[in-house]
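Chemist: Contents of work-v7.tsv (TSV, C-alpha atoms) are given next:
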chain	number	residue	atom	x	y	z
A	1	GLY	CA	-2.41	20.81	11.20
A	2	LEU	CA	0.28	21.18	8.55
A	3	SER	CA	-0.89	19.96	5.13
A	4	LEU	CA	1.36	17.75	3.00
A	5	HIS	CA	0.72	16.28	-0.46
A	6	TYR	CA	2.65	13.39	-2.04
A	7	TYR	CA	1.76	11.69	-5.30
A	8	THR	CA	3.37	8.67	-6.90
A	9	VAL	CA	3.68	10.30	-10.30
A	10	THR	CA	6.25	10.28	-13.10
A	11	GLY	CA	6.16	14.06	-13.48
A	12	TRP	CA	3.92	17.11	-13.71
A	13	SER	CA	4.12	17.86	-17.42
A	14	GLY	CA	3.08	15.73	-20.38
A	15	ILE	CA	2.41	11.99	-20.27
A	16	LYS	CA	2.22	10.31	-16.86
A	17	GLY	CA	1.81	6.78	-18.17
A	18	SER	CA	-1.04	4.34	-18.55
A	19	ALA	CA	-2.83	3.05	-15.47
A	20	THR	CA	-3.17	-0.42	-16.98
A	21	GLN	CA	-0.39	-0.85	-19.54
A	22	PHE	CA	3.06	-1.07	-17.96
A	23	ASP	CA	5.99	-3.47	-17.65
A	24	LYS	CA	7.88	-4.81	-14.62
A	25	ASP	CA	10.44	-2.01	-14.69
A	26	GLU	CA	7.63	0.55	-14.47
A	27	TYR	CA	6.01	-1.50	-11.70
A	28	TYR	CA	9.15	-1.54	-9.57
A	29	TRP	CA	9.83	2.14	-10.29
A	30	THR	CA	6.34	2.96	-9.04
A	31	LEU	CA	6.85	1.15	-5.76
A	32	GLY	CA	10.29	2.69	-5.28
A	33	LYS	CA	8.81	6.14	-5.85
A	34	CYS	CA	5.91	5.35	-3.54
A	35	ARG	CA	8.23	4.41	-0.66
A	36	GLU	CA	10.02	7.76	-0.82
A	37	ILE	CA	7.11	9.22	1.10
A	38	GLU	CA	8.93	7.95	4.19
A	39	ASP	CA	11.88	10.28	3.61
A	40	VAL	CA	9.48	13.16	3.03
A	41	LEU	CA	7.67	12.39	6.29
A	42	LYS	CA	10.93	12.10	8.24
A	43	LYS	CA	12.16	15.49	7.02
A	44	HIS	CA	8.90	17.24	7.82
A	45	ILE	CA	8.66	15.58	11.23
A	46	ALA	CA	12.26	16.53	12.11
A	47	ILE	CA	11.52	20.21	11.48
A	48	MET	CA	8.20	20.05	13.33
A	49	ASP	CA	9.82	18.29	16.30
A	50	GLU	CA	12.39	21.08	16.53
A	51	TYR	CA	9.82	23.87	16.73
A	52	ASP	CA	6.86	21.98	18.24
A	53	LYS	CA	8.32	19.57	20.78
A	54	GLN	CA	4.94	19.08	22.48
A	55	LYS	CA	3.39	18.05	19.16
A	56	HIS	CA	0.49	20.46	19.30
A	57	VAL	CA	0.45	20.65	15.49
A	58	ALA	CA	-0.40	17.52	13.51
A	59	LEU	CA	1.04	16.51	10.15
A	60	LEU	CA	-1.80	15.93	7.67
A	61	LEU	CA	-1.00	13.97	4.51
A	62	ASP	CA	-4.27	15.02	2.99
A	63	GLU	CA	-3.49	13.97	-0.58
A	64	TRP	CA	-1.57	10.86	-1.65
A	65	GLY	CA	-1.79	8.07	-4.21
A	66	THR	CA	-0.98	7.30	-7.83
A	67	TRP	CA	-1.56	9.70	-10.71
A	68	TRP	CA	-1.74	8.23	-14.21
A	69	ASP	CA	-3.11	9.42	-17.54
A	70	GLU	CA	-6.87	9.73	-17.78
A	71	GLU	CA	-8.61	6.75	-19.28
A	72	PRO	CA	-9.29	7.18	-23.01
A	73	GLY	CA	-12.84	8.31	-23.69
A	74	THR	CA	-13.45	9.82	-20.26
A	75	VAL	CA	-14.16	13.47	-19.49
A	76	ARG	CA	-11.00	15.54	-19.83
A	77	GLY	CA	-9.89	17.08	-16.57
A	78	HIS	CA	-11.94	14.69	-14.40
A	79	LEU	CA	-8.84	12.52	-13.74
A	80	TYR	CA	-10.64	9.18	-14.11
A	81	GLN	CA	-8.14	6.32	-14.09
A	82	GLN	CA	-8.29	2.56	-13.73
A	83	ASN	CA	-6.79	0.72	-10.77
A	84	THR	CA	-4.59	-2.37	-10.96
A	85	LEU	CA	-2.68	-4.63	-8.59
A	86	ARG	CA	0.17	-2.10	-8.88
A	87	ASP	CA	-2.03	0.56	-7.25
A	88	ALA	CA	-2.97	-1.89	-4.50
A	89	PHE	CA	0.71	-2.23	-3.60
A	90	VAL	CA	1.10	1.55	-3.48
A	91	ALA	CA	-1.70	1.57	-0.90
A	92	SER	CA	-0.30	-1.28	1.24
A	93	LEU	CA	3.27	0.02	1.22
A	94	SER	CA	2.04	3.51	2.07
A	95	PHE	CA	0.01	2.21	5.02
A	96	ASP	CA	3.03	0.30	6.33
A	97	ILE	CA	4.98	3.56	6.36
A	98	PHE	CA	2.19	5.73	7.77
A	99	HIS	CA	1.77	3.43	10.78
A	100	LYS	CA	5.33	4.19	11.93
A	101	TYR	CA	4.68	7.90	12.41
A	102	THR	CA	1.24	8.19	13.97
A	103	ASP	CA	2.54	10.23	16.92
A	104	ARG	CA	2.79	13.12	14.44
A	105	LEU	CA	0.89	11.95	11.32
A	106	LYS	CA	-2.78	12.24	12.30
A	107	MET	CA	-4.47	12.15	8.91
A	108	ALA	CA	-3.71	10.41	5.60
A	109	ASN	CA	-6.34	10.86	2.90
A	110	ILE	CA	-5.99	9.05	-0.40
A	111	ALA	CA	-6.91	11.12	-3.44
A	112	GLN	CA	-9.62	10.26	-4.07
A	113	ILE	CA	-12.41	7.87	-3.03
A	114	VAL	CA	-14.62	7.67	-6.15
A	115	ASN	CA	-13.81	7.97	-9.87
A	116	VAL	CA	-10.79	10.29	-9.47
A	117	LEU	CA	-7.11	9.21	-9.39
A	118	GLN	CA	-6.43	6.19	-7.11
A	119	SER	CA	-10.07	5.48	-6.35
A	120	MET	CA	-11.51	2.75	-4.19
A	121	ILE	CA	-14.77	2.79	-6.17
A	122	LEU	CA	-15.56	3.34	-9.85
A	123	THR	CA	-19.09	4.10	-11.02
A	124	LYS	CA	-20.97	4.20	-14.31
A	125	GLY	CA	-24.63	5.10	-14.10
A	126	LYS	CA	-26.15	2.70	-11.58
A	127	GLU	CA	-23.18	0.32	-11.71
A	128	MET	CA	-20.32	0.23	-9.20
A	129	VAL	CA	-16.95	-1.55	-9.18
A	130	LEU	CA	-14.62	-2.10	-6.23
A	131	THR	CA	-10.96	-1.60	-7.11
A	132	PRO	CA	-7.89	-3.51	-5.86
A	133	THR	CA	-7.13	-0.45	-3.72
A	134	TYR	CA	-10.55	-0.84	-2.09
A	135	TYR	CA	-9.64	-4.34	-0.98
A	136	VAL	CA	-6.37	-3.13	0.57
A	137	PHE	CA	-8.35	-0.60	2.61
A	138	LYS	CA	-10.67	-3.40	3.69
A	139	MET	CA	-7.75	-5.64	4.69
A	140	TYR	CA	-6.03	-2.88	6.65
A	141	ASN	CA	-9.04	-1.55	8.53
A	142	VAL	CA	-8.19	-3.95	11.39
A	143	HIS	CA	-5.25	-1.66	12.19
A	144	GLN	CA	-7.45	1.39	12.68
A	145	ASP	CA	-7.78	2.47	16.34
A	146	ALA	CA	-5.25	-0.24	17.25
A	147	THR	CA	-1.80	-0.04	18.88
A	148	TYR	CA	1.17	-0.16	16.53
A	149	ILE	CA	3.59	-3.05	17.04
A	150	PRO	CA	7.09	-2.38	15.64
A	151	LEU	CA	8.50	-5.07	13.36
A	152	GLU	CA	12.20	-5.63	12.74
A	153	GLY	CA	13.63	-8.01	10.19
A	154	SER	CA	15.50	-8.52	6.95
A	155	CYS	CA	14.50	-9.35	3.40
A	156	LYS	CA	15.80	-9.27	-0.15
A	157	ILE	CA	16.64	-5.82	-1.52
A	158	MET	CA	16.28	-4.93	-5.20
A	159	ASN	CA	18.65	-2.30	-6.58
A	160	LEU	CA	16.78	-0.08	-9.00
A	161	GLU	CA	19.54	1.38	-11.13
A	162	GLY	CA	19.59	4.04	-13.77
A	163	GLU	CA	19.02	7.78	-13.90
A	164	ARG	CA	15.25	7.43	-13.68
A	165	ASN	CA	15.48	5.31	-10.51
A	166	GLN	CA	18.24	7.40	-8.90
A	167	ASN	CA	19.77	4.14	-7.61
A	168	ARG	CA	16.82	3.41	-5.32
A	169	LYS	CA	16.89	0.36	-3.06
A	170	LEU	CA	13.56	-1.46	-2.88
A	171	PRO	CA	12.85	-4.01	-0.12
A	172	LEU	CA	10.80	-6.84	-1.64
A	173	LEU	CA	8.83	-7.36	1.57
A	174	SER	CA	6.82	-4.81	3.53
A	175	ALA	CA	4.80	-5.37	6.70
A	176	THR	CA	2.96	-3.78	9.59
A	177	ALA	CA	1.39	-5.14	12.78
A	178	SER	CA	-0.97	-3.95	15.50
A	179	ARG	CA	-2.91	-5.06	18.57
A	180	ASP	CA	-6.58	-4.07	18.67
A	181	LYS	CA	-8.57	-3.07	21.74
A	182	SER	CA	-9.67	-6.66	22.34
A	183	GLY	CA	-6.05	-7.84	22.34
A	184	LYS	CA	-6.05	-9.49	18.92
A	185	ILE	CA	-2.87	-9.11	16.87
A	186	HIS	CA	-3.06	-8.46	13.13
A	187	ILE	CA	-0.16	-8.60	10.70
A	188	SER	CA	-0.26	-7.32	7.12
A	189	MET	CA	2.45	-8.22	4.62
A	190	SER	CA	3.19	-7.43	0.99
A	191	ASN	CA	5.44	-9.52	-1.24
A	192	ILE	CA	6.16	-7.12	-4.06
A	193	ASP	CA	8.38	-9.56	-5.94
A	194	ALA	CA	6.58	-9.98	-9.25
A	195	ASP	CA	7.91	-13.50	-9.86
A	196	GLN	CA	9.06	-15.23	-6.68
A	197	ALA	CA	7.27	-16.42	-3.56
A	198	GLN	CA	8.84	-15.55	-0.22
A	199	GLU	CA	9.13	-17.60	2.96
A	200	VAL	CA	8.53	-15.39	5.99
A	201	THR	CA	9.29	-16.31	9.61
A	202	ILE	CA	8.06	-14.20	12.54
A	203	ASN	CA	8.92	-14.78	16.20
A	204	LEU	CA	5.72	-14.55	18.25
A	205	SER	CA	7.36	-14.48	21.70
A	206	GLY	CA	5.06	-12.88	24.25
A	207	THR	CA	1.89	-14.11	22.58
A	208	ASN	CA	-0.27	-17.19	23.08
A	209	ALA	CA	-1.14	-17.59	19.41
A	210	LYS	CA	-1.93	-21.14	18.29
A	211	LYS	CA	-2.98	-20.42	14.72
A	212	ALA	CA	-3.49	-17.64	12.20
A	213	VAL	CA	-6.26	-16.97	9.70
A	214	GLY	CA	-6.23	-14.45	6.93
A	215	GLU	CA	-7.03	-13.12	3.48
A	216	ILE	CA	-4.93	-12.61	0.38
A	217	LEU	CA	-5.13	-10.19	-2.52
A	218	THR	CA	-3.33	-11.20	-5.69
A	219	SER	CA	-3.97	-11.87	-9.37
A	220	SER	CA	-2.41	-13.55	-12.38
A	221	ASN	CA	-0.98	-10.31	-13.77
A	222	LEU	CA	0.27	-7.04	-12.29
A	223	THR	CA	-1.87	-5.24	-14.85
A	224	ASP	CA	-5.13	-6.94	-13.82
A	225	TYR	CA	-8.00	-4.69	-12.78
A	226	ASN	CA	-11.75	-4.80	-12.13
A	227	SER	CA	-14.02	-3.55	-14.89
A	228	PHE	CA	-17.77	-3.26	-15.21
A	229	GLU	CA	-17.63	-6.33	-17.44
A	230	LYS	CA	-15.39	-8.27	-15.00
A	231	PRO	CA	-15.92	-6.72	-11.56
A	232	ASP	CA	-14.37	-9.64	-9.63
A	233	ASN	CA	-11.16	-10.04	-11.59
A	234	VAL	CA	-9.09	-8.97	-8.55
A	235	LYS	CA	-10.62	-9.74	-5.18
A	236	LEU	CA	-9.91	-11.18	-1.73
A	237	ALA	CA	-9.58	-14.90	-1.08
A	238	PRO	CA	-8.92	-16.98	2.07
A	239	PHE	CA	-5.22	-17.44	2.83
A	240	LYS	CA	-4.05	-20.78	4.21
A	241	GLU	CA	-0.28	-20.90	3.61
A	242	VAL	CA	0.49	-20.08	7.23
A	243	LYS	CA	1.46	-22.13	10.28
A	244	VAL	CA	2.11	-21.41	13.96
A	245	ASN	CA	4.42	-23.80	15.78
A	246	LYS	CA	6.09	-23.25	19.17
A	247	GLY	CA	5.77	-19.49	19.04
A	248	VAL	CA	6.96	-19.14	15.45
A	249	LEU	CA	4.78	-17.97	12.57
A	250	LYS	CA	5.74	-19.25	9.13
A	251	ILE	CA	4.14	-17.88	6.00
A	252	LYS	CA	4.63	-18.62	2.32
A	253	LEU	CA	3.76	-15.43	0.49
A	254	PRO	CA	3.02	-15.95	-3.22
A	255	ALA	CA	4.58	-13.57	-5.72
A	256	LYS	CA	2.84	-10.16	-6.03
A	257	SER	CA	0.54	-10.73	-3.06
A	258	ILE	CA	-0.81	-8.82	-0.07
A	259	VAL	CA	-1.91	-10.74	3.05
A	260	THR	CA	-3.49	-9.77	6.35
A	261	LEU	CA	-3.44	-12.30	9.21
A	262	GLU	CA	-5.22	-12.49	12.56
A	263	LEU	CA	-3.46	-14.43	15.29
A	264	GLN	CA	-5.71	-16.66	17.36
With the file now loaded, output its structure as C-alpha cells.
Modeler:
Amino acid sequence: GLSLHYYTVTGWSGIKGSATQFDKDEYYWTLGKCREIEDVLKKHIAIMDEYDKQKHVALLLDEWGTWWDEEPGTVRGHLYQQNTLRDAFVASLSFDIFHKYTDRLKMANIAQIVNVLQSMILTKGKEMVLTPTYYVFKMYNVHQDATYIPLEGSCKIMNLEGERNQNRKLPLLSATASRDKSGKIHISMSNIDADQAQEVTINLSGTNAKKAVGEILTSSNLTDYNSFEKPDNVKLAPFKEVKVNKGVLKIKLPAKSIVTLELQ
C-alpha cells in the first residue's frame, strides 16, 4: 500500500485554532478544507492508475481528521482536543468522498480513536465520553461491507471568497448511498448549511421501498460538544421528516444536521 496523510488543519506552525470556539466563517472554511481531500485522492489515484493499471497497490489514507490546539490544562504534546458538531461534519463529508474511490482506497484511518486529535472517545480516569464524531461512525457503519450506489444531483453552492479560502466552492449538501448484503439500501446525508433547512428529493426507481426510517445528529449550536459534565449534549435521535410516495423519497433536512436512512 501507498500511505497518504491529510489533515484538516489551518497550518503547521503556531496557533491552529480552538476546537470549541469558532464562528461560522471558520466553520465553513473547515468544511471547504476538508473536502479538498477529494482532489488529493484524485491526483494520487491518477498517478497510480498510470503505473499500476491492475491495481495491485492500494492507497491507504492512514491518517486524516481535524487538528486543533490542545485543550488548555491538558498534557502538552498529547494532542488532546475536544470534538464539536463541526468535527462530525468533517467525518461525514470525508466518508462521502472516500466511498467514491474504494476500488483504489482500501484503508482510511481517522487520527485517532481515543483522546488524541479527532477522537471518537474521550476518557478521564474511569469516565468515558462519546464524541459527535463517534456518532457519525455509528451512523455510517451500515455502509461498511456494502455496495456503493452512485448518487447524482444538484444543490446550493456556497462561494467561500477571500485569500484564506482560495475561492473555494462548497456544496451545502453531501450524501452517500449503499446496498448491504441483505439488499437493504441506506442513504446518509449532511446539510452543512448552518442556518437553513433543505428539502431533498431522491428518485427511488428500481426499488420497492414503501417507507424510510432513520436517525439524525444535530444540536442547537455548531460549537456544541459532549463533556464529562454533559455527556449527552450531542447525540443521535430518531428522524421522522421523511416520506416515500410513488417511488420518490422526500426529506426535510434541518440546518446543520446529519441523517442516515434505511429504506424499507
Chemist: Which one is closest to Ser190 in chain A: A:Arg86, A:Lys210, A:Lys235, A:Lys106? Count all atoms listed in the file.
Modeler: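 Answer, going by the shortest atom-to-atom distance: A:Arg86.
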Chemist: Would you mind telling me which residue in A:Asn245, A:Tyr28, A:Ala91, A:Ala197 lies nearest to Asn159 in chain A when using only C-alpha atoms?
Modeler: A:Tyr28
Chemist: Of the residues A:Asn226, A:Gln198, A:Ser188, A:Thr84, which is the one nearest to Leu263 in chain A, using only C-alpha atoms?
Modeler: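 Closest to Leu263 in chain A of all the choices is A:Ser188.
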Chemist: Would you give me, as a Markdown table, each residue of range 92-210 of chain A having an atom within 6 Å of an atom of range 58-66 of chain A, along with its shortest atom pair and that distance in Å to one decimal, using all atoms listed in the file and sorting by chain and residue number?
Modeler:
| residue | atom | partner | partner_atom | distance |
| --- | --- | --- | --- | --- |
| A:Arg104 | CA | A:Ala58 | CA | 5.5 |
| A:Leu105 | CA | A:Leu59 | CA | 4.7 |
| A:Lys106 | CA | A:Ala58 | CA | 5.9 |
| A:Met107 | CA | A:Leu60 | CA | 4.8 |
| A:Ala108 | CA | A:Leu61 | CA | 4.6 |
| A:Asn109 | CA | A:Asp62 | CA | 4.6 |
| A:Ile110 | CA | A:Trp64 | CA | 4.9 |
| A:Ala111 | CA | A:Glu63 | CA | 5.3 |
| A:Gln118 | CA | A:Thr66 | CA | 5.6 |
Chemist: Just how far from CA of Thr260 in chain A is CA of His143 in chain A, in Å to one decimal?
Modeler: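 Here the two named atoms are 10.1 Å from each other.
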Chemist: Pick the closest to Leu172 in chain A from A:Gln264, A:Thr133, A:Ser13, A:Ser257: which is it, counting all atoms listed in the file?
Modeler: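 For Leu172 in chain A, the nearest of the candidates is A:Ser257.
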Chemist: Out of A:Val129, A:Val40, A:Leu2, A:Leu236, which residue has the shortest atom-to-atom distance to Phe98 in chain A when counting all atoms listed in the file?
Modeler: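 Closest to Phe98 in chain A, using all atoms listed in the file: A:Val40.
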Chemist: Using only C-alpha atoms, what residues lie at most 12 Å away from (-5.9, -7.4, 22.1) (file coordinates), given as a PyMOL selection string?
Modeler: chain A and resi 142-143+145-149+178-186+207-209+262-264
